[in-house]
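Engineer: Here it is: the structure, laid out below.
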Amino acid sequence: PRPTLAAHLKRLFGRGEGTGDATLARLRDVLARDRGSYRVYRTAGGYRVLATDGERDPDSSDTTRLMEATGTDPWFVRLCRAQRSFRARLTPKPWRLRLLAPPGDFPRDSEVEERFREWLTRYERACSDHATCRLVEQIGDGYLHERIAPLLELHDRVTRATDPLPLA
């Protein structure tokens, strides 16, 4: 069944169904049956899964099938297919840090640029006390493909996935 508008809003504001034990159990079951190697992360709004055993084509039917079976947000599936890549936030959403969105649109004129720099200083300070996601577990044999390894290191370092910090 397609998610309702209310379900999308609940998920957007961190109160969706994608955060509980049932969701994690479904991820474990689907990913174990897939026989790949995956890392599962907890985020402020649900879970994030990274395949570590090789590159995936976001437009392939196998990838789409796996994302649908794990309950991946349909909008995220569409975004991945349209951009032919996978995206994951490395830093917290500003509103999760109790900050407004950054001022102005890019490119910014000099007046807005100064306000943006002030905002960025506040944002970076707020980020220093939070993680974007937390590593929950490895599913599969733990194989780490050579092309994935540097991406995974960057992801885990910048998101602070192994630091004992509150999620934002």
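Labels for the structure tokens follow display order: chains A, B, ..., residues from 1 in each chain, ligands from 1.
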For Thr64 (chain A), find every residue with an atom within 9 Å (counting only C-alpha atoms), except residues of its own chain fewer than 6 positions away, and show them as JSON, numbers by chain.

Structural biologist: {"A": [58, 77, 81]}

Engineer: Just list as a ChimeraX atom specification whatever in region 14-53 of chain A DSSP marks as helix (DSSP H, G or I).

Structural biologist: /A:17-19,21-34

Engineer: Skip region 99-113 of chain A itself and residues of its chain fewer than 2 positions away, then list as a list in words all residues within 12 Å of it, counting only C-alpha atoms.

Structural biologist: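 Close residues of region 99-113 of chain A: Pro92, Lys93, Pro94, Trp95, Arg96, Leu97, Arg115, Phe116, Arg117, Glu118, Trp119, Leu120, Thr121, Arg122, Tyr123, Glu124, Arg125, Ala126, Cys127 and Ala168 of chain A.
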
Engineer: Once you count only C-alpha atoms, what closest atom pair and distance in Å to one decimal does each residue of region 125-163 of chain A within 12 Å of region 24-46 of chain A have, with rows by chain and rising residue number, as JSON lines?

Structural biologist:
```
{"residue": "A:His130", "atom": "CA", "partner": "A:Ala44", "partner_atom": "CA", "distance": 10.5}
{"residue": "A:Ala131", "atom": "CA", "partner": "A:Thr43", "partner_atom": "CA", "distance": 8.6}
{"residue": "A:Thr132", "atom": "CA", "partner": "A:Thr43", "partner_atom": "CA", "distance": 6.3}
{"residue": "A:Cys133", "atom": "CA", "partner": "A:Thr43", "partner_atom": "CA", "distance": 4.4}
{"residue": "A:Arg134", "atom": "CA", "partner": "A:Arg42", "partner_atom": "CA", "distance": 5.1}
{"residue": "A:Leu135", "atom": "CA", "partner": "A:Tyr41", "partner_atom": "CA", "distance": 4.4}
{"residue": "A:Val136", "atom": "CA", "partner": "A:Tyr41", "partner_atom": "CA", "distance": 5.1}
{"residue": "A:Glu137", "atom": "CA", "partner": "A:Val40", "partner_atom": "CA", "distance": 5.4}
{"residue": "A:Gln138", "atom": "CA", "partner": "A:Arg39", "partner_atom": "CA", "distance": 4.5}
{"residue": "A:Ile139", "atom": "CA", "partner": "A:Tyr38", "partner_atom": "CA", "distance": 5.1}
{"residue": "A:Gly140", "atom": "CA", "partner": "A:Ser37", "partner_atom": "CA", "distance": 4.4}
{"residue": "A:Asp141", "atom": "CA", "partner": "A:Ser37", "partner_atom": "CA", "distance": 5.8}
{"residue": "A:Gly142", "atom": "CA", "partner": "A:Ser37", "partner_atom": "CA", "distance": 5.5}
{"residue": "A:Tyr143", "atom": "CA", "partner": "A:Ser37", "partner_atom": "CA", "distance": 6.0}
{"residue": "A:Leu144", "atom": "CA", "partner": "A:Ser37", "partner_atom": "CA", "distance": 7.8}
{"residue": "A:His145", "atom": "CA", "partner": "A:Ser37", "partner_atom": "CA", "distance": 9.6}
{"residue": "A:Ile148", "atom": "CA", "partner": "A:Tyr38", "partner_atom": "CA", "distance": 11.3}
{"residue": "A:Leu152", "atom": "CA", "partner": "A:Arg39", "partner_atom": "CA", "distance": 9.6}
{"residue": "A:His155", "atom": "CA", "partner": "A:Tyr41", "partner_atom": "CA", "distance": 11.0}
{"residue": "A:Asp156", "atom": "CA", "partner": "A:Tyr41", "partner_atom": "CA", "distance": 9.9}
{"residue": "A:Thr159", "atom": "CA", "partner": "A:Thr43", "partner_atom": "CA", "distance": 10.0}
{"residue": "A:Arg160", "atom": "CA", "partner": "A:Tyr41", "partner_atom": "CA", "distance": 11.1}
{"residue": "A:Ala161", "atom": "CA", "partner": "A:Tyr41", "partner_atom": "CA", "distance": 7.7}
{"residue": "A:Thr162", "atom": "CA", "partner": "A:Tyr41", "partner_atom": "CA", "distance": 9.9}
```

Engineer: Output as a list in words all residues of chain A that backbone DSSP marks as strand (DSSP E).

Structural biologist: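 Those residues are Tyr38, Arg39, Val40, Tyr41, Arg42, Thr43, Gly46, Tyr47, Arg48, Val49, Leu50, Ala51, Cys133, Arg134, Leu135, Val136, Glu137, Gln138 and Ile139 of chain A.
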
Engineer: Go through A:Arg48, A:Asp163, A:Leu90, A:Ser60 one by one, measure the shortest atom-to-atom distance of each to Phe76 (chain A) using only C-alpha atoms, and give the residue with the smallest value.

Structural biologist: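 Checking each of A:Arg48, A:Asp163, A:Leu90, A:Ser60 against Phe76 (chain A), counting only C-alpha atoms, the winner is A:Arg48.
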
Engineer: Would you mind telling me which residue in A:Ser128, A:Arg65, A:Leu50, A:Leu151 lies nearest to Thr91 (chain A) when using only C-alpha atoms?

Structural biologist: A:Ser128

Engineer: Please indicate the distance in Å from CA of Met67 (chain A) to CA of Leu165 (chain A), rounded to one decimal place.

Structural biologist: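 Separation between CA of Met67 (chain A) and CA of Leu165 (chain A): 28.2 Å.
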
Engineer: Between CA of Ala22 (chain A) and CA of Ala51 (chain A), what is the spacing in Å?

Structural biologist: 20.8 Å

Engineer: Give me, as a list in words, all polymer residues having an atom no more than 10 Å from Glu146 (chain A), counting only C-alpha atoms and skipping those fewer than 5 positions away in the same chain.

Structural biologist: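 So, after excluding close chain neighbours, the residues are Thr52, Asp53, Gly54 and Leu151 of chain A.
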
Engineer: In terms of the shortest atom-to-atom distance over only C-alpha atoms, which of A:Ala82, A:Arg98, A:Val158, A:Thr23 is closest to Thr70 (chain A)?

Structural biologist: A:Thr23

Engineer: What is the CA of Asp129 (chain A)-CA of Pro166 (chain A) distance in Å, reported with one decimal?

Structural biologist: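 Rounded to one decimal, the two atoms are 7.4 Å apart.
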